[in-house]
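Let me begin by presenting the structure, written as C-alpha cells, before commenting on it.
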Amino acid sequence: MCGIVGYVGRKNATDILLEGLKRLEYRGYDSAGLAVMGTEAKLKVVKAVGKTVFLEEKLTREPATGQAGIAHTRWATHGVPSEANAHPHLDCAGRLALVHNGIVENHEELKRRLEALGHRFVSATDTEVLAHLIEEHARHRPFEEALCAALKEVVGTFGLAVVMVDQPRTVYGARRGSPLVVGVGRDGENYLASDPAALIAHTRDIIYLGDDEVVRLDDNGIETFSLDRVRVTKAPETVSWSLQEIERGHHPHFMVKEIHEQPTVVRNALAGRLDARQGMSVLGGLKDVDERLRRAERLTISACGSAYLAGAIGAMMIEECAEIPVRAEIASELRYRKPIFDANREAFIAVSQSGETADTLGALREAKNKGVLTLGIVNVVGSAVARETDAGVFVHAGPEIAVASTKAFTAQLTVFALLAMHLGRQRRLSLAAGQRLAEELASLPEKVERLLEQDEAIRLLAKKYSRYPSFLYIGRKYNAPLANEGALKLKEVSYVHAEGYAAGEMKHGPIALLDDGFPVFAIATKDSLQEKVKSNVQEAKARRAPIVVLASEGDEAMAQLADDVIWVPRTTEMLSPILNVIPMQLFAYHLAVARGLDPDKPRNLAKAVTVE
Ligand code: M6R
C-alpha cells in the first residue's frame, strides 16, 4: 500500500502522475512506479526503489509519454522493497497494469489456482494476483465485467487503479476498505488518487468512492458503478484545503509547520462553537442525534495511535463534565473482543484524523452492528469514518501531512472538551462551570502562541538530550495518556526508545531502569495531583535520572527539582493536555532533527494505516 494517482486527459500523464506522487510522499513509501499508455497502444512501465526522484531520474533515461496512466508509491507489506515488488504489476500478456493499496488476504489461494492455469508470477506481492485474476476473467468476458468478477473474488481490502492497452484512454479505479477518490477536472481531464492532497493542484471537486464501487474515467467522463455493475450516481464534494496548506512554505519540515499552525487550529476547532454566555458549546453536527445523546448513559470511544490517546483524555473530560461512564478502547483490540454495548443507552465515538484507519473502521462497524448510536471525531471530510457514522464533529485541523500527528491531536482534544461541555450542560454541569470552561477554552490559542515562542529553547534542550538511548515520560490523570503521546511522538520520529507511564506506576516496575543515562520527562504542571507527580520526580531524581519537567509558569519550586524546565501557561486541569502536548511535540521534532533524521518520513510508518 501507499499512494495512488491516475490521470486521463490531454496533458502529459507522466508529469501529472509524478507531481501527484510527490504530493503523497508524506505518507511514507519505499519504492515508486508508473504505467503510461502511449499512442501506439503500448504500456510503458517504469519503477524505481527509493524516493520518487529516482523514478524521475529513470524517466529522463526511459521516457514514458501518453495521456493516460497510473502511478503508485509502495510501502512494503508483502515482499521487500524492490523493483520487482514495486507497482504497477502486470498480467502475463503485459497488456494490463495495476496499482493497489490494501491487502489481498486470499492471495495465496488465488495464486495457486492461477498458477495451475498457467499464470507466471514475478513478484512476492499479494497485489500481482489481482492483475492475473483480472486477466483470467477477461478470457471469457469484456474487460469491465472481468474486473468486477475478479474483485468479487477478493477477500481483503483494495483501493486500486488499472489501465489496459485495449482501452488506451481509460483508467479504472475500485475501492474496498482503502481510500480512493476521483478528481473531477475540466476539459475532459479527470483524476484518481488515494488522497485528495494529490489532486488539489488540479481540482477541488472530489468524488469519494464507497466500498465495492468501481469508477471508469474516459473521454466520456466519469462513471461509477457497483461490483454488480449497477450504476451509482455520486455528486462531487468541494474540498476546502488550499495548496498553501499542503506545501511546506518556509518551514524545513511539515511536522514543525503543523506544530506552529496550532494556535489557528485550536481557533478553528472552536470557531462558532462556543456560546460563552450560556456556557455551552454548539456542535451542529450533533443536532440530529441530540436527544439520543441526552439519553445516553455511557459512552465508548475507540481509535488507534495518537487518536486513541486523545480519546483516552477525552473520556476523562466527558466523565468529569457529564458524569457518565466512558471507556476508551484501542480499536484493534475492541473489534476482536466481545464488547458489551447497550444499544439503547450507549453511544460510540470513533476518533480518526484520516477517517480511513482500518482498525478504527472495524471497531466502528462492530458498534454499528450492535445497534449503537455512532459518532465520529474526524479531520478528513468525506472519509470513511465520516460517512459511516450517524453524526459527528469535524476537527477542522486542515490537511495533516507529516506522518506524526500533531495538530490533529490538539484539535481532537479541543473537540473533546467541547463535547464534554455539551454533554455536561445536557446533564448536571452548572451554568457557571460551563461559562468558566468556555472562557478558558477561548484563551487557549493565545497560550499556544506563547508556548511556541519557546521553540528555540526547546531546540537547544532537545540537542542536549539527543544522545540518550531511552526516555521515560510520566504524568497523572489527564496527563497520563499524554505521557504516552509524548513518548509515541519521540519514538516515531527520532527512533529513540521511550515509554509513557502513569507516574504512580513508575515505582511498580520502570523505576528499575532509571540511572544517570535514562532521562525522565515529567508532566508536572499545577493541578490536583501535582504534589504526587513531584514525589515521583523526586524518586527518579534519587536514582540520578536526568529530569526534564513541564512546569506551570512561575512554579519555581517545581523547577528546582529538575535539570531542565519548560514553562507552560496556566489553564485548568482538564484543558492542560492541550497546552502540555505542544512542547513535547517540539522536543520530539528537534530531537529527530538533532539526530540527523527526517521527521516527516519516519521509517516503517504510513500516514493512514488502511490495513489491519
Ligand atoms: O488517521 P488516524 O487518526 O486514525 O490514525 C491513527 C494512528 O495511526 C495515528 O495517530 C498514528 O499513531 C500517528 N503516527 C501518530 O503520530
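Ordering of the C-alpha cells sets the chain letters (A, B, ...); residue numbers start at 1 within each chain; ligands are numbered from 1 in the order shown.
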
**OP:** Find the residues near ligand 1. Use a cut-off of 9 Å, count only C-alpha atoms and all ligand atoms, and write them as a count of residues only.
**Re:** 40

Subject >> Test item: residues at most 7 Å from A:Ala588, only C-alpha atoms, excluding those fewer than 2 positions along its chain, as a VMD selection string >> reply: chain A and resid 489 to 490 493 to 494 584 to 586 590 to 592

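Closest to A:Val448 among A:Thr14, A:Asn580, A:Thr224, A:Thr157 is A:Asn580, based on only C-alpha atoms.
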
Subject >> Atom pair atom CA of A:Arg345 / atom CA of A:Gly314: separation (Å) >> reply: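 About the pair atom CA of A:Arg345 and atom CA of A:Gly314: they are 19.2 Å apart.
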
**OP:** Extract the full set of helix (DSSP H, G or I) residues from stretch 308-497 of chain A according to DSSP on the backbone, and format it as an NGL selection string.
**Re:** :A and (308-322 or 331-334 or 358-369 or 384-388 or 407-426 or 431-452 or 455-464 or 479-494)

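Each of A:Ile401, A:Ala271, A:Ile16, A:Ala386 was checked against A:Arg248 using only C-alpha atoms; the smallest atom-to-atom distance is that of A:Ile401.
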
Do a neighbour search on A:Leu423 at 8 Å with only C-alpha atoms, toss out local chain neighbours closer than 2 positions, and write the hits as a tab-separated table (two decimals) with N, CA and C atoms, in the first residue's frame.
chain	number	residue	atom	x	y	z
A	293	LEU	N	-28.39	11.53	22.45
A	293	LEU	CA	-27.20	11.78	23.27
A	293	LEU	C	-27.60	12.16	24.70
A	294	ARG	N	-28.67	12.91	24.80
A	294	ARG	CA	-29.14	13.32	26.13
A	294	ARG	C	-29.51	12.08	26.97
A	318	ILE	N	-15.13	13.87	29.52
A	318	ILE	CA	-16.59	13.65	29.50
A	318	ILE	C	-17.07	13.13	30.86
A	321	CYS	N	-17.23	16.15	33.17
A	321	CYS	CA	-18.29	17.16	32.92
A	321	CYS	C	-19.69	16.56	32.91
A	322	ALA	N	-19.81	15.36	32.33
A	322	ALA	CA	-21.16	14.81	32.13
A	322	ALA	C	-21.53	13.77	33.18
A	419	LEU	N	-17.22	18.70	23.40
A	419	LEU	CA	-18.23	17.64	23.55
A	419	LEU	C	-18.53	17.40	25.02
A	420	ALA	N	-17.47	17.41	25.85
A	420	ALA	CA	-17.66	17.21	27.29
A	420	ALA	C	-18.57	18.32	27.84
A	421	MET	N	-18.33	19.51	27.34
A	421	MET	CA	-19.13	20.66	27.78
A	421	MET	C	-20.60	20.47	27.37
A	425	ARG	N	-23.53	20.05	29.97
A	425	ARG	CA	-24.63	21.03	30.11
A	425	ARG	C	-25.98	20.36	29.88
A	426	GLN	N	-25.98	19.23	29.11
A	426	GLN	CA	-27.25	18.48	28.97
A	426	GLN	C	-27.60	17.81	30.30
A	427	ARG	N	-26.61	17.66	31.16
A	427	ARG	CA	-26.84	16.96	32.43
A	427	ARG	C	-26.66	17.93	33.60

**OP:** May I ask which of the residues A:Ile313, A:Val215, A:Ala397, A:Leu43 is the closest one to A:Lys234, counting only C-alpha atoms?
**Re:**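 The shortest atom-to-atom distance to A:Lys234 comes from A:Val215.
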
Original post:
Residues of stretch 326-465 of chain A in strand (DSSP E or B) according to DSSP, as a VMD selection string?
Top reply: chain A and resid 326 to 330 346 to 352 373 to 378 391 to 394

Keeping only all heavy atoms, take the residues you just selected and write them out as a short mmCIF file (atom, residue, chain, number, x, y, z; two decimals), in the first residue's frame.
data_model
loop_
_atom_site.label_atom_id
_atom_site.label_comp_id
_atom_site.auth_asym_id
_atom_site.auth_seq_id
_atom_site.Cartn_x
_atom_site.Cartn_y
_atom_site.Cartn_z
N VAL A 326 -17.34 6.49 30.79
CA VAL A 326 -16.84 6.48 29.40
C VAL A 326 -15.61 5.58 29.36
O VAL A 326 -14.70 5.72 30.17
CB VAL A 326 -16.41 7.90 28.95
CG1 VAL A 326 -16.10 7.90 27.45
CG2 VAL A 326 -17.48 8.93 29.26
N ARG A 327 -15.61 4.64 28.42
CA ARG A 327 -14.39 3.81 28.26
C ARG A 327 -13.72 4.18 26.95
O ARG A 327 -14.39 4.47 25.96
CB ARG A 327 -14.72 2.32 28.31
CG ARG A 327 -15.74 1.89 27.28
CD ARG A 327 -16.06 0.41 27.33
NE ARG A 327 -17.22 0.14 26.47
CZ ARG A 327 -17.65 -1.05 26.13
NH1 ARG A 327 -17.05 -2.12 26.57
NH2 ARG A 327 -18.71 -1.19 25.35
N ALA A 328 -12.39 4.20 26.98
CA ALA A 328 -11.62 4.43 25.75
C ALA A 328 -10.93 3.12 25.43
O ALA A 328 -10.29 2.52 26.30
CB ALA A 328 -10.62 5.54 25.95
N GLU A 329 -11.06 2.68 24.20
CA GLU A 329 -10.57 1.35 23.82
C GLU A 329 -9.74 1.44 22.55
O GLU A 329 -10.12 2.12 21.60
CB GLU A 329 -11.76 0.43 23.51
CG GLU A 329 -12.71 0.24 24.66
CD GLU A 329 -12.40 -1.00 25.47
OE1 GLU A 329 -11.45 -1.73 25.11
OE2 GLU A 329 -13.11 -1.23 26.46
N ILE A 330 -8.64 0.70 22.52
CA ILE A 330 -7.83 0.60 21.31
C ILE A 330 -8.65 -0.18 20.27
O ILE A 330 -9.13 -1.29 20.56
CB ILE A 330 -6.50 -0.12 21.62
CG1 ILE A 330 -5.65 0.77 22.53
CG2 ILE A 330 -5.76 -0.51 20.36
CD1 ILE A 330 -4.43 0.09 23.11
N GLU A 346 -26.33 3.71 24.93
CA GLU A 346 -24.90 3.94 24.76
C GLU A 346 -24.64 4.65 23.42
O GLU A 346 -25.37 4.49 22.47
CB GLU A 346 -24.17 2.58 24.77
CG GLU A 346 -22.67 2.74 24.75
CD GLU A 346 -21.93 1.48 25.21
OE1 GLU A 346 -22.59 0.52 25.65
OE2 GLU A 346 -20.70 1.49 25.12
N ALA A 347 -23.56 5.40 23.39
CA ALA A 347 -23.10 5.95 22.10
C ALA A 347 -21.64 5.60 21.94
O ALA A 347 -20.91 5.43 22.92
CB ALA A 347 -23.29 7.46 22.09
N PHE A 348 -21.24 5.46 20.69
CA PHE A 348 -19.87 5.05 20.35
C PHE A 348 -19.22 6.19 19.57
O PHE A 348 -19.83 6.76 18.66
CB PHE A 348 -19.95 3.79 19.48
CG PHE A 348 -18.62 3.33 18.94
CD1 PHE A 348 -17.87 2.39 19.62
CD2 PHE A 348 -18.14 3.85 17.74
CE1 PHE A 348 -16.64 1.97 19.12
CE2 PHE A 348 -16.91 3.43 17.24
CZ PHE A 348 -16.16 2.49 17.93
N ILE A 349 -17.98 6.52 19.93
CA ILE A 349 -17.28 7.60 19.22
C ILE A 349 -16.01 7.06 18.59
O ILE A 349 -15.13 6.54 19.29
CB ILE A 349 -16.90 8.76 20.18
CG1 ILE A 349 -18.14 9.24 20.95
CG2 ILE A 349 -16.27 9.91 19.40
CD1 ILE A 349 -17.85 10.34 21.97
N ALA A 350 -15.90 7.17 17.27
CA ALA A 350 -14.66 6.81 16.57
C ALA A 350 -13.86 8.10 16.38
O ALA A 350 -14.41 9.10 15.94
CB ALA A 350 -14.98 6.18 15.23
N VAL A 351 -12.57 8.05 16.70
CA VAL A 351 -11.72 9.23 16.54
C VAL A 351 -10.66 8.90 15.50
O VAL A 351 -9.98 7.88 15.60
CB VAL A 351 -11.00 9.58 17.87
CG1 VAL A 351 -10.35 10.97 17.77
CG2 VAL A 351 -11.94 9.52 19.05
N SER A 352 -10.54 9.77 14.50
CA SER A 352 -9.54 9.48 13.47
C SER A 352 -9.22 10.74 12.68
O SER A 352 -10.13 11.43 12.23
CB SER A 352 -10.08 8.41 12.52
OG SER A 352 -9.15 8.13 11.51
N LEU A 373 -25.64 4.03 18.70
CA LEU A 373 -25.51 5.32 18.01
C LEU A 373 -24.02 5.59 17.81
O LEU A 373 -23.24 5.53 18.76
CB LEU A 373 -26.11 6.42 18.90
CG LEU A 373 -25.85 7.87 18.47
CD1 LEU A 373 -26.59 8.19 17.17
CD2 LEU A 373 -26.25 8.85 19.58
N THR A 374 -23.62 5.91 16.57
CA THR A 374 -22.19 6.09 16.31
C THR A 374 -21.88 7.54 15.91
O THR A 374 -22.58 8.14 15.11
CB THR A 374 -21.68 5.15 15.20
OG1 THR A 374 -22.43 5.39 14.02
CG2 THR A 374 -21.79 3.69 15.61
N LEU A 375 -20.81 8.05 16.50
CA LEU A 375 -20.36 9.42 16.21
C LEU A 375 -18.92 9.37 15.75
O LEU A 375 -18.18 8.46 16.11
CB LEU A 375 -20.42 10.28 17.48
CG LEU A 375 -21.71 10.26 18.29
CD1 LEU A 375 -21.55 11.14 19.53
CD2 LEU A 375 -22.88 10.77 17.45
N GLY A 376 -18.53 10.37 14.97
CA GLY A 376 -17.14 10.45 14.52
C GLY A 376 -16.52 11.77 14.94
O GLY A 376 -17.17 12.82 14.86
N ILE A 377 -15.27 11.71 15.39
CA ILE A 377 -14.48 12.94 15.57
C ILE A 377 -13.35 12.80 14.56
O ILE A 377 -12.42 12.01 14.73
CB ILE A 377 -13.97 13.08 17.02
CG1 ILE A 377 -15.17 13.28 17.94
CG2 ILE A 377 -12.97 14.23 17.14
CD1 ILE A 377 -14.85 13.55 19.39
N VAL A 378 -13.48 13.52 13.45
CA VAL A 378 -12.71 13.22 12.25
C VAL A 378 -12.14 14.51 11.68
O VAL A 378 -12.75 15.58 11.81
CB VAL A 378 -13.65 12.55 11.21
CG1 VAL A 378 -12.95 12.31 9.90
CG2 VAL A 378 -14.19 11.23 11.74
N ALA A 391 -23.48 10.58 13.08
CA ALA A 391 -23.30 12.04 13.23
C ALA A 391 -21.87 12.27 13.69
O ALA A 391 -21.13 11.31 13.91
CB ALA A 391 -24.28 12.56 14.28
N GLY A 392 -21.49 13.53 13.83
CA GLY A 392 -20.11 13.73 14.29
C GLY A 392 -19.69 15.18 14.30
O GLY A 392 -20.47 16.08 14.00
N VAL A 393 -18.44 15.36 14.66
CA VAL A 393 -17.87 16.71 14.73
C VAL A 393 -16.55 16.68 13.97
O VAL A 393 -15.67 15.87 14.28
CB VAL A 393 -17.60 17.11 16.20
CG1 VAL A 393 -17.17 18.57 16.28
CG2 VAL A 393 -18.82 16.87 17.07
N PHE A 394 -16.41 17.55 12.99
CA PHE A 394 -15.12 17.66 12.30
C PHE A 394 -14.19 18.52 13.14
O PHE A 394 -14.61 19.50 13.76
CB PHE A 394 -15.30 18.28 10.91
CG PHE A 394 -15.94 17.32 9.94
CD1 PHE A 394 -17.22 17.53 9.44
CD2 PHE A 394 -15.26 16.18 9.53
CE1 PHE A 394 -17.80 16.62 8.57
CE2 PHE A 394 -15.83 15.27 8.65
CZ PHE A 394 -17.10 15.49 8.17
#

Original post:
What does the distance from atom CA of A:Leu274 to atom CA of A:Pro481 come to in Å, to one decimal?
Top reply: 26.0 Å

Original post:
Hey, can you check how far atom CA of A:Glu388 sits from atom CA of A:Ala197?
Top reply: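 Separation of atom CA of A:Glu388 and atom CA of A:Ala197: 21.6 Å.
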